[in-house]
>>> print(open('run33.txt').read())   # compact mmCIF, C-alpha atoms and all ligand atoms
# COMPACT_ATOMS: atom_id res chain seq x y z
CA MET K 1 -58.37 -115.93 -39.37
CA GLY K 2 -56.30 -116.93 -36.34
CA GLN K 3 -54.31 -114.17 -34.68
CA GLY K 4 -51.17 -116.23 -34.18
CA VAL K 5 -48.16 -115.67 -36.44
CA LEU K 6 -45.71 -118.56 -36.75
CA VAL K 7 -42.17 -118.09 -38.05
CA THR K 8 -40.21 -121.23 -38.92
CA GLY K 9 -36.44 -120.88 -39.18
CA ALA K 10 -36.96 -118.05 -36.71
CA PHE K 11 -33.31 -117.89 -35.62
CA GLY K 12 -31.78 -117.94 -39.08
CA GLN K 13 -30.47 -114.92 -40.97
CA ILE K 14 -33.89 -113.61 -42.04
CA GLY K 15 -35.89 -114.94 -39.10
CA SER K 16 -33.76 -113.16 -36.50
CA GLU K 17 -34.85 -109.83 -37.92
CA LEU K 18 -38.31 -110.67 -39.22
CA VAL K 19 -39.49 -111.95 -35.85
CA SER K 20 -38.86 -108.66 -34.05
CA ALA K 21 -40.58 -106.71 -36.84
CA LEU K 22 -43.58 -109.03 -36.54
CA GLN K 23 -43.60 -108.69 -32.75
CA GLN K 24 -43.85 -104.92 -33.18
CA LYS K 25 -46.64 -105.27 -35.69
CA HIS K 26 -48.74 -107.99 -34.06
CA GLY K 27 -47.67 -107.92 -30.40
CA LYS K 28 -45.23 -110.30 -28.70
CA GLU K 29 -48.06 -112.48 -27.43
CA HIS K 30 -49.06 -113.43 -30.99
CA VAL K 31 -45.69 -114.28 -32.55
CA VAL K 32 -44.29 -117.79 -32.22
CA ALA K 33 -40.66 -118.42 -33.10
CA LEU K 34 -39.95 -122.00 -34.16
CA GLY K 35 -36.30 -122.98 -34.12
CA HIS K 36 -34.07 -125.97 -33.41
CA HIS K 37 -30.32 -126.08 -32.73
CA ASN K 38 -29.73 -122.35 -33.16
CA VAL K 39 -32.28 -120.90 -30.71
CA ASP K 40 -31.09 -117.61 -29.27
CA SER K 41 -31.37 -117.92 -25.48
CA SER K 42 -31.73 -114.15 -25.08
CA TYR K 43 -34.81 -114.09 -27.33
CA ASP K 44 -37.73 -112.36 -25.66
CA GLY K 45 -40.93 -113.96 -26.90
CA ILE K 46 -42.71 -117.27 -27.47
CA VAL K 47 -40.33 -120.01 -28.58
CA GLU K 48 -41.05 -123.54 -29.72
CA ILE K 49 -38.30 -126.02 -30.47
CA GLY K 50 -38.81 -128.57 -33.19
CA GLU K 51 -37.76 -129.94 -36.54
CA ILE K 52 -39.63 -128.98 -39.68
CA SER K 53 -39.91 -132.70 -40.45
CA ASP K 54 -42.12 -133.13 -37.36
CA LYS K 55 -45.52 -132.51 -38.92
CA GLU K 56 -47.42 -133.40 -35.74
CA LYS K 57 -45.48 -130.87 -33.74
CA LEU K 58 -46.19 -128.25 -36.40
CA GLU K 59 -49.90 -129.02 -36.26
CA SER K 60 -49.98 -128.86 -32.46
CA ILE K 61 -48.28 -125.44 -32.55
CA ILE K 62 -50.86 -124.20 -35.06
CA GLN K 63 -53.67 -125.33 -32.78
CA LYS K 64 -52.08 -124.10 -29.56
CA TYR K 65 -51.49 -120.54 -30.78
CA ASP K 66 -54.41 -120.22 -33.19
CA VAL K 67 -52.01 -119.59 -36.05
CA GLY K 68 -53.47 -117.63 -39.00
CA THR K 69 -50.22 -116.71 -40.74
CA ILE K 70 -46.99 -118.63 -41.31
CA TYR K 71 -43.68 -117.23 -42.48
CA HIS K 72 -42.00 -120.46 -43.51
CA LEU K 73 -38.31 -119.60 -43.67
CA VAL K 74 -36.52 -122.87 -42.89
CA SER K 75 -34.14 -123.71 -45.71
CA ILE K 76 -30.73 -125.14 -46.45
CA LEU K 77 -28.88 -122.65 -48.68
CA SER K 78 -27.03 -123.15 -51.96
CA ALA K 79 -23.44 -124.03 -51.02
CA ARG K 80 -24.36 -126.23 -48.06
CA GLY K 81 -27.04 -127.83 -50.22
CA GLU K 82 -24.40 -129.18 -52.58
CA GLN K 83 -22.77 -131.08 -49.70
CA ASP K 84 -25.98 -132.93 -48.95
CA PRO K 85 -28.54 -132.73 -51.76
CA GLN K 86 -30.81 -135.37 -50.19
CA LEU K 87 -31.09 -133.51 -46.89
CA THR K 88 -31.64 -130.27 -48.81
CA TRP K 89 -34.53 -131.78 -50.72
CA ASN K 90 -36.06 -133.19 -47.53
CA VAL K 91 -35.79 -130.01 -45.48
CA ASN K 92 -36.69 -127.57 -48.25
CA MET K 93 -39.41 -129.51 -50.06
CA ASP K 94 -40.97 -131.85 -47.48
CA GLY K 95 -41.04 -128.98 -44.99
CA LEU K 96 -42.80 -126.73 -47.49
CA LYS K 97 -45.35 -129.41 -48.36
CA PHE K 98 -46.20 -129.99 -44.68
CA VAL K 99 -46.71 -126.28 -44.20
CA LEU K 100 -48.88 -125.94 -47.31
CA ASP K 101 -51.03 -128.96 -46.35
CA LEU K 102 -51.58 -127.61 -42.85
CA ALA K 103 -52.25 -124.16 -44.26
CA VAL K 104 -55.06 -125.56 -46.40
CA LYS K 105 -56.49 -127.47 -43.43
CA TYR K 106 -56.42 -124.47 -41.06
CA LYS K 107 -56.97 -121.70 -43.66
CA ILE K 108 -53.61 -120.10 -42.98
CA LYS K 109 -51.96 -117.37 -45.04
CA VAL K 110 -48.39 -118.30 -46.00
CA PHE K 111 -45.18 -116.47 -46.86
CA TRP K 112 -42.44 -118.57 -48.41
CA PRO K 113 -39.13 -117.24 -49.72
CA SER K 114 -37.84 -118.14 -53.13
CA SER K 115 -34.48 -116.85 -54.34
CA ILE K 116 -32.37 -115.73 -57.27
CA ALA K 117 -31.13 -119.33 -57.05
CA ALA K 118 -34.35 -120.42 -58.80
CA PHE K 119 -32.69 -119.08 -61.96
CA GLY K 120 -29.91 -120.88 -63.81
CA PRO K 121 -27.35 -120.51 -66.59
CA THR K 122 -30.03 -120.38 -69.31
CA THR K 123 -31.82 -117.43 -67.67
CA PRO K 124 -31.06 -113.96 -69.09
CA ARG K 125 -28.49 -112.62 -66.61
CA ASP K 126 -29.09 -108.94 -67.00
CA ASN K 127 -32.40 -107.37 -66.11
CA THR K 128 -33.86 -110.85 -65.56
CA PRO K 129 -37.59 -110.61 -66.31
CA GLN K 130 -40.33 -111.66 -63.91
CA HIS K 131 -41.45 -114.45 -66.23
CA THR K 132 -38.42 -116.25 -67.58
CA ILE K 133 -36.55 -119.55 -67.76
CA LEU K 134 -36.12 -121.38 -64.44
CA GLU K 135 -33.49 -124.09 -64.96
CA PRO K 136 -31.40 -123.99 -61.77
CA THR K 137 -28.34 -126.21 -61.43
CA THR K 138 -28.00 -126.38 -57.61
CA MET K 139 -30.21 -128.55 -55.39
CA TYR K 140 -31.13 -125.42 -53.44
CA GLY K 141 -32.24 -123.80 -56.70
CA VAL K 142 -34.15 -126.93 -57.69
CA THR K 143 -36.07 -126.74 -54.40
CA LYS K 144 -36.77 -123.04 -54.95
CA ALA K 145 -38.04 -123.49 -58.53
CA SER K 146 -40.06 -126.56 -57.49
CA GLY K 147 -41.32 -124.79 -54.38
CA GLU K 148 -42.57 -121.91 -56.48
CA LEU K 149 -44.58 -124.35 -58.59
CA LEU K 150 -45.87 -126.17 -55.53
CA CYS K 151 -47.04 -122.91 -53.97
CA GLN K 152 -48.70 -121.95 -57.24
CA TYR K 153 -50.42 -125.33 -57.37
CA TYR K 154 -51.86 -124.92 -53.87
CA ARG K 155 -53.02 -121.42 -54.74
CA LEU K 156 -54.79 -122.55 -57.93
CA LYS K 157 -56.11 -125.87 -56.64
CA TYR K 158 -57.10 -124.96 -53.08
CA GLY K 159 -57.32 -121.17 -53.19
CA LEU K 160 -54.51 -120.92 -50.63
CA ASP K 161 -53.21 -117.41 -50.01
CA VAL K 162 -49.49 -118.04 -50.40
CA ARG K 163 -47.12 -115.20 -51.24
CA SER K 164 -43.49 -115.30 -52.20
CA VAL K 165 -40.50 -113.26 -53.35
CA ARG K 166 -37.23 -114.21 -54.99
CA TYR K 167 -34.80 -112.67 -52.54
CA PRO K 168 -31.41 -111.56 -53.78
CA GLY K 169 -28.36 -112.09 -51.52
CA LEU K 170 -29.26 -110.59 -48.15
CA ILE K 171 -26.79 -108.49 -46.20
CA SER K 172 -27.26 -108.12 -42.48
CA TRP K 173 -25.29 -107.67 -39.25
CA LYS K 174 -27.50 -109.38 -36.66
CA ALA K 175 -27.32 -113.07 -37.55
CA GLU K 176 -24.78 -114.42 -40.00
CA PRO K 177 -25.93 -116.31 -43.08
CA GLY K 178 -24.79 -119.90 -43.25
CA GLY K 179 -23.94 -122.03 -46.24
CA GLY K 180 -24.92 -119.59 -48.98
CA THR K 181 -23.06 -118.38 -52.05
CA THR K 182 -23.72 -114.71 -51.35
CA ASP K 183 -22.22 -115.03 -47.84
CA TYR K 184 -19.02 -113.22 -48.94
CA ALA K 185 -20.97 -109.96 -49.05
CA VAL K 186 -21.49 -110.30 -45.28
CA ALA K 187 -18.22 -112.03 -44.36
CA ILE K 188 -16.17 -109.21 -45.89
CA PHE K 189 -17.47 -106.83 -43.19
CA TYR K 190 -16.39 -109.21 -40.41
CA GLY K 191 -13.00 -109.56 -42.09
CA ALA K 192 -12.64 -105.78 -42.39
CA ILE K 193 -13.52 -105.06 -38.77
CA GLN K 194 -11.82 -108.02 -37.10
CA GLU K 195 -8.65 -108.37 -39.16
CA GLY K 196 -8.46 -105.58 -41.72
CA LYS K 197 -8.34 -108.21 -44.45
CA TYR K 198 -10.55 -110.67 -46.26
CA THR K 199 -10.09 -113.56 -48.65
CA CYS K 200 -13.05 -113.57 -51.00
CA PHE K 201 -14.25 -116.90 -52.42
CA VAL K 202 -15.54 -115.41 -55.69
CA LYS K 203 -13.65 -113.42 -58.34
CA GLU K 204 -13.51 -109.63 -58.07
CA ASP K 205 -15.73 -109.11 -61.12
CA THR K 206 -18.53 -111.35 -59.80
CA VAL K 207 -21.75 -109.34 -59.84
CA LEU K 208 -24.86 -110.55 -57.99
CA PRO K 209 -28.11 -108.93 -56.92
CA MET K 210 -28.06 -108.00 -53.21
CA MET K 211 -30.21 -106.25 -50.64
CA TYR K 212 -29.84 -104.85 -47.13
CA MET K 213 -31.92 -106.80 -44.64
CA ASP K 214 -34.10 -103.88 -43.52
CA ASP K 215 -35.37 -103.54 -47.08
CA ALA K 216 -36.04 -107.29 -47.27
CA ILE K 217 -38.04 -107.28 -44.03
CA ARG K 218 -40.05 -104.21 -45.03
CA GLY K 219 -40.77 -105.69 -48.47
CA THR K 220 -41.84 -109.01 -47.01
CA ILE K 221 -44.35 -107.43 -44.65
CA GLN K 222 -45.54 -105.07 -47.39
CA LEU K 223 -46.26 -108.01 -49.70
CA MET K 224 -48.16 -109.82 -46.94
CA ASP K 225 -50.25 -106.68 -46.29
CA ALA K 226 -51.04 -106.05 -49.98
CA PRO K 227 -54.64 -106.56 -51.07
CA ALA K 228 -54.94 -110.03 -52.64
CA GLU K 229 -56.61 -108.63 -55.77
CA SER K 230 -53.56 -106.51 -56.61
CA LEU K 231 -51.30 -109.57 -56.82
CA GLN K 232 -51.20 -111.11 -60.27
CA VAL K 233 -48.03 -113.18 -60.02
CA THR K 234 -48.90 -116.70 -58.89
CA THR K 235 -45.35 -117.95 -58.33
CA SER K 236 -42.83 -115.60 -56.77
CA TYR K 237 -42.01 -111.91 -57.25
CA ASN K 238 -38.61 -110.76 -58.48
CA LEU K 239 -37.28 -108.47 -55.75
CA ALA K 240 -34.23 -106.31 -56.29
CA ALA K 241 -32.28 -103.51 -54.72
CA ILE K 242 -28.57 -103.22 -55.56
CA SER K 243 -26.15 -105.09 -57.78
CA PHE K 244 -22.39 -104.76 -57.39
CA SER K 245 -19.23 -106.71 -58.02
CA ALA K 246 -17.21 -108.13 -55.13
CA GLN K 247 -14.54 -105.55 -55.94
CA GLU K 248 -17.00 -102.64 -55.90
CA LEU K 249 -18.12 -103.74 -52.44
CA ALA K 250 -14.52 -103.97 -51.25
CA GLN K 251 -13.77 -100.50 -52.65
CA GLU K 252 -16.80 -99.02 -50.92
CA ILE K 253 -15.54 -100.38 -47.59
CA GLN K 254 -11.99 -99.20 -48.39
CA LYS K 255 -13.32 -95.64 -48.72
CA ARG K 256 -14.10 -95.87 -45.00
CA MET K 257 -11.35 -98.06 -43.54
CA ALA K 258 -8.22 -100.02 -44.33
CA LEU K 259 -9.02 -103.39 -45.89
CA GLU K 260 -6.84 -105.80 -47.82
CA VAL K 261 -8.75 -108.15 -50.10
CA SER K 262 -7.54 -111.16 -52.04
CA TYR K 263 -9.68 -113.23 -54.36
CA VAL K 264 -9.43 -117.01 -54.22
CA PRO K 265 -12.47 -118.44 -56.03
CA ASP K 266 -13.67 -121.86 -54.89
CA HIS K 267 -16.59 -124.17 -55.77
CA ARG K 268 -19.03 -121.35 -55.05
CA GLN K 269 -17.84 -119.40 -58.09
CA LYS K 270 -19.68 -121.80 -60.37
CA ILE K 271 -22.88 -121.27 -58.41
CA ALA K 272 -22.50 -117.49 -58.54
CA ASP K 273 -21.88 -117.65 -62.29
CA SER K 274 -25.14 -119.53 -62.79
CA TRP K 275 -27.22 -116.73 -61.26
CA PRO K 276 -28.35 -113.40 -62.74
CA GLN K 277 -26.42 -110.18 -62.14
CA ARG K 278 -29.38 -107.83 -62.16
CA ILE K 279 -33.06 -108.54 -61.69
CA ASP K 280 -36.01 -106.65 -63.14
CA ASP K 281 -38.47 -106.23 -60.27
CA SER K 282 -40.79 -103.75 -61.97
CA VAL K 283 -43.79 -106.05 -61.48
CA ALA K 284 -43.36 -106.01 -57.68
CA ARG K 285 -42.89 -102.25 -57.85
CA SER K 286 -46.08 -101.67 -59.80
CA GLU K 287 -48.35 -104.34 -58.26
CA TRP K 288 -47.68 -103.80 -54.55
CA GLY K 289 -45.55 -100.69 -54.35
CA TRP K 290 -42.16 -102.26 -53.58
CA SER K 291 -39.17 -99.93 -53.49
CA HIS K 292 -35.80 -100.27 -51.79
CA GLU K 293 -34.20 -97.64 -49.55
CA PHE K 294 -30.62 -98.81 -49.16
CA ASP K 295 -28.14 -98.22 -51.95
CA LEU K 296 -24.56 -99.55 -51.79
CA SER K 297 -23.13 -96.60 -49.89
CA LYS K 298 -25.92 -96.43 -47.30
CA MET K 299 -25.75 -100.19 -46.79
CA VAL K 300 -21.99 -100.11 -46.21
CA ASP K 301 -22.34 -97.21 -43.73
CA VAL K 302 -24.92 -98.99 -41.63
CA MET K 303 -23.21 -102.40 -41.79
CA LEU K 304 -19.92 -100.97 -40.53
CA GLU K 305 -21.59 -98.98 -37.80
CA LYS K 306 -23.80 -101.80 -36.49
CA LEU K 307 -21.18 -104.50 -36.80
CA HIS K 308 -18.55 -102.40 -35.03
CA ALA K 309 -20.95 -101.93 -32.13
CA LYS K 310 -21.90 -105.63 -32.09
CA LEU K 311 -18.33 -106.93 -32.16
CA GLN K 312 -17.14 -104.55 -29.45
CA LYS K 313 -19.57 -105.99 -26.89
N1 LIG K 401 -28.28 -116.22 -50.39
C1 LIG K 401 -28.64 -117.47 -50.95
C2 LIG K 401 -27.46 -118.31 -51.17
O1 LIG K 401 -26.42 -117.76 -51.40
C3 LIG K 401 -29.36 -117.28 -52.24
O2 LIG K 401 -30.73 -117.23 -51.99
O3 LIG K 401 -27.56 -119.49 -51.17
>>> encode(input="run33.txt", output="structure tokens")
Amino acid sequence: MGQGVLVTGAFGQIGSELVSALQQKHGKEHVVALGHHNVDSSYDGIVEIGEISDKEKLESIIQKYDVGTIYHLVSILSARGEQDPQLTWNVNMDGLKFVLDLAVKYKIKVFWPSSIAAFGPTTPRDNTPQHTILEPTTMYGVTKASGELLCQYYRLKYGLDVRSVRYPGLISWKAEPGGGTTDYAVAIFYGAIQEGKYTCFVKEDTVLPMMYMDDAIRGTIQLMDAPAESLQVTTSYNLAAISFSAQELAQEIQKRMALEVSYVPDHRQKIADSWPQRIDDSVARSEWGWSHEFDLSKMVDVMLEKLHAKLQK
């Protein structure tokens, strides 16, 4: 297997943190960050600039760096996806298919993120089982549910080693999310620190599954390191950490600083209401040893500390 590790969407919310973890694990000389308009100029490592729709470019990168593993993160998220469903389909699905085809050709191991958005209003919302109804109502969710099936198809048909998790909303301080429904759980920290107030675009009793980014990165690498024979799920693993309402998050911040919150739900409320509130991730826990470290209080502590330091610079 090639030693190169390629990360697409390397400068997005997850990529920004996954890339440095992978550099530590594999060495800077083996990690290739593929980005486009949002490349971080201070990034210290190998960078390639290109669109995910450029299959030739992708293939030349694979050859150039002897890529044996791809973390394919490029994706348009749920709220932005509703503004341009066609583009969302193209980026999310065509991009995934290119990656899977090249992975078969070059015998590459693949990580691809699914999401709680693969679920829909007909899915049980509490303690959502690993195997359940996937009838999403956003284009983003449609690409996640379809992507799961496409990955499974490549695994069964071509024996491709492709691994996947259904991430909950991810909370991080380094790079901001963009165009997602769970973005309020990050934006509220910026509001608190910069203005002492925040207008939340979902209702106070909106509960969604969430996770601090460090847990997500650790879990991702743990899944990729797990022995193939221990993995029985052929689509995507439920992955959970903490669930809280928007108001519970606000109150946790208010225990530490002054923060005024108002709730003005917009079009994203409907998306949030179509997703589960709590996910059962016991299969991930038993098959490959997943466990989270950050509860609500620990997450809020670290977010406030890191974000304060970042915004003071
Ligand atoms: N965080 C994503 C979104 O809100 C869900 O995967 O779109």
>>> closest_atom_pairs(input="run33.txt", of="chain K", to="ligand LIG 401 (chain K)", cutoff="10 Å", atoms="only C-alpha atoms and all ligand atoms", output="JSON lines")
{"residue": "K:Gln13", "atom": "CA", "partner": "K:LIG401", "partner_atom": "N1", "distance": 9.8}
{"residue": "K:Ser75", "atom": "CA", "partner": "K:LIG401", "partner_atom": "O3", "distance": 9.5}
{"residue": "K:Ile76", "atom": "CA", "partner": "K:LIG401", "partner_atom": "O3", "distance": 8.0}
{"residue": "K:Leu77", "atom": "CA", "partner": "K:LIG401", "partner_atom": "O3", "distance": 4.2}
{"residue": "K:Ser78", "atom": "CA", "partner": "K:LIG401", "partner_atom": "O3", "distance": 3.8}
{"residue": "K:Ala79", "atom": "CA", "partner": "K:LIG401", "partner_atom": "O3", "distance": 6.1}
{"residue": "K:Arg80", "atom": "CA", "partner": "K:LIG401", "partner_atom": "O3", "distance": 8.1}
{"residue": "K:Gly81", "atom": "CA", "partner": "K:LIG401", "partner_atom": "O3", "distance": 8.4}
{"residue": "K:Pro113", "atom": "CA", "partner": "K:LIG401", "partner_atom": "O2", "distance": 8.7}
{"residue": "K:Ser114", "atom": "CA", "partner": "K:LIG401", "partner_atom": "O2", "distance": 7.3}
{"residue": "K:Ser115", "atom": "CA", "partner": "K:LIG401", "partner_atom": "O2", "distance": 4.4}
{"residue": "K:Ile116", "atom": "CA", "partner": "K:LIG401", "partner_atom": "O2", "distance": 5.7}
{"residue": "K:Ala117", "atom": "CA", "partner": "K:LIG401", "partner_atom": "O2", "distance": 5.5}
{"residue": "K:Ala118", "atom": "CA", "partner": "K:LIG401", "partner_atom": "O2", "distance": 8.3}
{"residue": "K:Thr138", "atom": "CA", "partner": "K:LIG401", "partner_atom": "O3", "distance": 9.4}
{"residue": "K:Tyr140", "atom": "CA", "partner": "K:LIG401", "partner_atom": "O3", "distance": 7.3}
{"residue": "K:Gly141", "atom": "CA", "partner": "K:LIG401", "partner_atom": "O2", "distance": 8.2}
{"residue": "K:Lys144", "atom": "CA", "partner": "K:LIG401", "partner_atom": "O2", "distance": 8.9}
{"residue": "K:Arg166", "atom": "CA", "partner": "K:LIG401", "partner_atom": "O2", "distance": 7.8}
{"residue": "K:Tyr167", "atom": "CA", "partner": "K:LIG401", "partner_atom": "O2", "distance": 6.1}
{"residue": "K:Pro168", "atom": "CA", "partner": "K:LIG401", "partner_atom": "O2", "distance": 6.0}
{"residue": "K:Gly169", "atom": "CA", "partner": "K:LIG401", "partner_atom": "N1", "distance": 4.3}
{"residue": "K:Leu170", "atom": "CA", "partner": "K:LIG401", "partner_atom": "N1", "distance": 6.1}
{"residue": "K:Ile171", "atom": "CA", "partner": "K:LIG401", "partner_atom": "N1", "distance": 8.9}
{"residue": "K:Pro177", "atom": "CA", "partner": "K:LIG401", "partner_atom": "N1", "distance": 7.7}
{"residue": "K:Gly178", "atom": "CA", "partner": "K:LIG401", "partner_atom": "O3", "distance": 8.4}
{"residue": "K:Gly179", "atom": "CA", "partner": "K:LIG401", "partner_atom": "O3", "distance": 6.6}
{"residue": "K:Gly180", "atom": "CA", "partner": "K:LIG401", "partner_atom": "O1", "distance": 3.4}
{"residue": "K:Thr181", "atom": "CA", "partner": "K:LIG401", "partner_atom": "O1", "distance": 3.5}
{"residue": "K:Thr182", "atom": "CA", "partner": "K:LIG401", "partner_atom": "O1", "distance": 4.1}
{"residue": "K:Asp183", "atom": "CA", "partner": "K:LIG401", "partner_atom": "O1", "distance": 6.1}
{"residue": "K:Tyr184", "atom": "CA", "partner": "K:LIG401", "partner_atom": "O1", "distance": 9.0}
{"residue": "K:Ala185", "atom": "CA", "partner": "K:LIG401", "partner_atom": "N1", "distance": 9.7}
{"residue": "K:Leu208", "atom": "CA", "partner": "K:LIG401", "partner_atom": "O1", "distance": 9.9}
{"residue": "K:Pro209", "atom": "CA", "partner": "K:LIG401", "partner_atom": "C3", "distance": 9.7}
{"residue": "K:Met210", "atom": "CA", "partner": "K:LIG401", "partner_atom": "N1", "distance": 8.7}
{"residue": "K:Arg268", "atom": "CA", "partner": "K:LIG401", "partner_atom": "O1", "distance": 9.0}
{"residue": "K:Ile271", "atom": "CA", "partner": "K:LIG401", "partner_atom": "O1", "distance": 8.6}
{"residue": "K:Ala272", "atom": "CA", "partner": "K:LIG401", "partner_atom": "O1", "distance": 8.1}
{"residue": "K:Trp275", "atom": "CA", "partner": "K:LIG401", "partner_atom": "C3", "distance": 9.3}
>>> closest_residue(input="run33.txt", among="K:Glu48, K:Asp66, K:Glu248, K:Asp215", to="K:Leu34", atoms="only C-alpha atoms")
K:Glu48
>>> closest_residue(input="run33.txt", among="K:Leu307, K:Ala103, K:Ile193, K:Ala216", to="K:Lys174", atoms="all atoms listed in the file")
K:Leu307
>>> atom_distance(input="run33.txt", atom1="atom CA of K:Phe119", atom2="atom CA of K:Ile133")
7.0 Å
>>> atom_distance(input="run33.txt", atom1="atom CA of K:Gly289", atom2="atom CA of K:Pro227")
11.3 Å
>>> atom_distance(input="run33.txt", atom1="atom CA of K:Glu135", atom2="atom CA of K:Lys270")
14.7 Å
>>> residues_around(input="run33.txt", residues="K:Ile242", least_positions_apart="2", cutoff="8 Å", atoms="only C-alpha atoms", output="CSV table (one decimal) with C-alpha atoms, in the coordinates of the input")
chain,number,residue,atom,x,y,z
K,209,PRO,CA,-28.1,-108.9,-56.9
K,210,MET,CA,-28.1,-108.0,-53.2
K,211,MET,CA,-30.2,-106.2,-50.6
K,240,ALA,CA,-34.2,-106.3,-56.3
K,244,PHE,CA,-22.4,-104.8,-57.4
K,295,ASP,CA,-28.1,-98.2,-52.0
K,296,LEU,CA,-24.6,-99.6,-51.8
>>> residues_around(input="run33.txt", residues="K:Lys55", least_positions_apart="3", cutoff="10 Å", atoms="only C-alpha atoms", output="VMD selection string")
chain K and resid 50 to 52 58 to 61 94 to 95 97 to 99 101 to 102
>>> write_last_selection(input="run33.txt", atoms="C-alpha atoms", output="mmCIF file, in the coordinates of the input")
data_model
loop_
_atom_site.group_PDB
_atom_site.id
_atom_site.type_symbol
_atom_site.label_atom_id
_atom_site.label_comp_id
_atom_site.auth_asym_id
_atom_site.auth_seq_id
_atom_site.Cartn_x
_atom_site.Cartn_y
_atom_site.Cartn_z
ATOM 1 C CA GLY K 50 -38.810 -128.570 -33.190
ATOM 2 C CA GLU K 51 -37.760 -129.940 -36.540
ATOM 3 C CA ILE K 52 -39.630 -128.980 -39.680
ATOM 4 C CA LEU K 58 -46.190 -128.250 -36.400
ATOM 5 C CA GLU K 59 -49.900 -129.020 -36.260
ATOM 6 C CA SER K 60 -49.980 -128.860 -32.460
ATOM 7 C CA ILE K 61 -48.280 -125.440 -32.550
ATOM 8 C CA ASP K 94 -40.970 -131.850 -47.480
ATOM 9 C CA GLY K 95 -41.040 -128.980 -44.990
ATOM 10 C CA LYS K 97 -45.350 -129.410 -48.360
ATOM 11 C CA PHE K 98 -46.200 -129.990 -44.680
ATOM 12 C CA VAL K 99 -46.710 -126.280 -44.200
ATOM 13 C CA ASP K 101 -51.030 -128.960 -46.350
ATOM 14 C CA LEU K 102 -51.580 -127.610 -42.850
#
>>> closest_residue(input="run33.txt", among="K:Gly4, K:Phe189, K:Glu17, K:Ser42", to="K:Tyr106", atoms="only C-alpha atoms")
K:Gly4
>>> residues_near_point(input="run33.txt", point="(-57.7, -121.5, -35.3)", cutoff="8 Å", atoms="all atoms listed in the file", output="ChimeraX atom specification")
/K:1-2,62-63,65-68,106
>>> write_last_selection(input="run33.txt", atoms="C-alpha atoms", output="PDB file, in the coordinates of the input")
ATOM      1  CA  MET K   1     -58.370-115.930 -39.370  1.00  0.00           C
ATOM      2  CA  GLY K   2     -56.300-116.930 -36.340  1.00  0.00           C
ATOM      3  CA  ILE K  62     -50.860-124.200 -35.060  1.00  0.00           C
ATOM      4  CA  GLN K  63     -53.670-125.330 -32.780  1.00  0.00           C
ATOM      5  CA  TYR K  65     -51.490-120.540 -30.780  1.00  0.00           C
ATOM      6  CA  ASP K  66     -54.410-120.220 -33.190  1.00  0.00           C
ATOM      7  CA  VAL K  67     -52.010-119.590 -36.050  1.00  0.00           C
ATOM      8  CA  GLY K  68     -53.470-117.630 -39.000  1.00  0.00           C
ATOM      9  CA  TYR K 106     -56.420-124.470 -41.060  1.00  0.00           C
TER      10      TYR K 106
END
>>> closest_residue(input="run33.txt", among="K:Gln232, K:Thr69, K:Ser16, K:Thr123", to="K:Gln3", atoms="only C-alpha atoms")
K:Thr69
>>> closest_residue(input="run33.txt", among="K:His267, K:His131, K:Arg125, K:Lys313", to="K:Ser282", atoms="all atoms listed in the file")
K:His131
>>> axis_aligned_box(input="run33.txt", around="stretch 103-116 of chain K", padding_each_side="4 Å", output="AutoDock Vina command-line options")
--center_x -44.7 --center_y -121.6 --center_z -49.2 --size_x 32.6 --size_y 19.7 --size_z 24.2
>>> residues_around(input="run33.txt", residues="stretch 198-205 of chain K", least_positions_apart="5", cutoff="6 Å", atoms="all atoms listed in the file", output="list in words")
Ile188, Gly191, Ser245, Ala246, Gln247, Val261, Ser262, Tyr263, Val264, Pro265, Asp266 and Gln269 of chain K
>>> closest_residue(input="run33.txt", among="K:Trp288, K:Lys255, K:Ser274, K:Ala21", to="K:Thr137", atoms="only C-alpha atoms")
K:Ser274
>>> residues_around(input="run33.txt", residues="K:Asp40", least_positions_apart="3", cutoff="12 Å", atoms="only C-alpha atoms", output="short mmCIF file (atom, residue, chain, number, x, y, z; two decimals) with C-alpha atoms, in the frame of the given file")
data_model
loop_
_atom_site.label_atom_id
_atom_site.label_comp_id
_atom_site.auth_asym_id
_atom_site.auth_seq_id
_atom_site.Cartn_x
_atom_site.Cartn_y
_atom_site.Cartn_z
CA GLY K 9 -36.44 -120.88 -39.18
CA ALA K 10 -36.96 -118.05 -36.71
CA PHE K 11 -33.31 -117.89 -35.62
CA GLY K 12 -31.78 -117.94 -39.08
CA GLY K 15 -35.89 -114.94 -39.10
CA SER K 16 -33.76 -113.16 -36.50
CA ALA K 33 -40.66 -118.42 -33.10
CA LEU K 34 -39.95 -122.00 -34.16
CA GLY K 35 -36.30 -122.98 -34.12
CA HIS K 36 -34.07 -125.97 -33.41
CA HIS K 37 -30.32 -126.08 -32.73
CA TYR K 43 -34.81 -114.09 -27.33
CA ASP K 44 -37.73 -112.36 -25.66
CA GLY K 45 -40.93 -113.96 -26.90
CA ILE K 46 -42.71 -117.27 -27.47
CA VAL K 47 -40.33 -120.01 -28.58
CA GLU K 48 -41.05 -123.54 -29.72
CA ILE K 49 -38.30 -126.02 -30.47
CA LYS K 174 -27.50 -109.38 -36.66
CA ALA K 175 -27.32 -113.07 -37.55
#
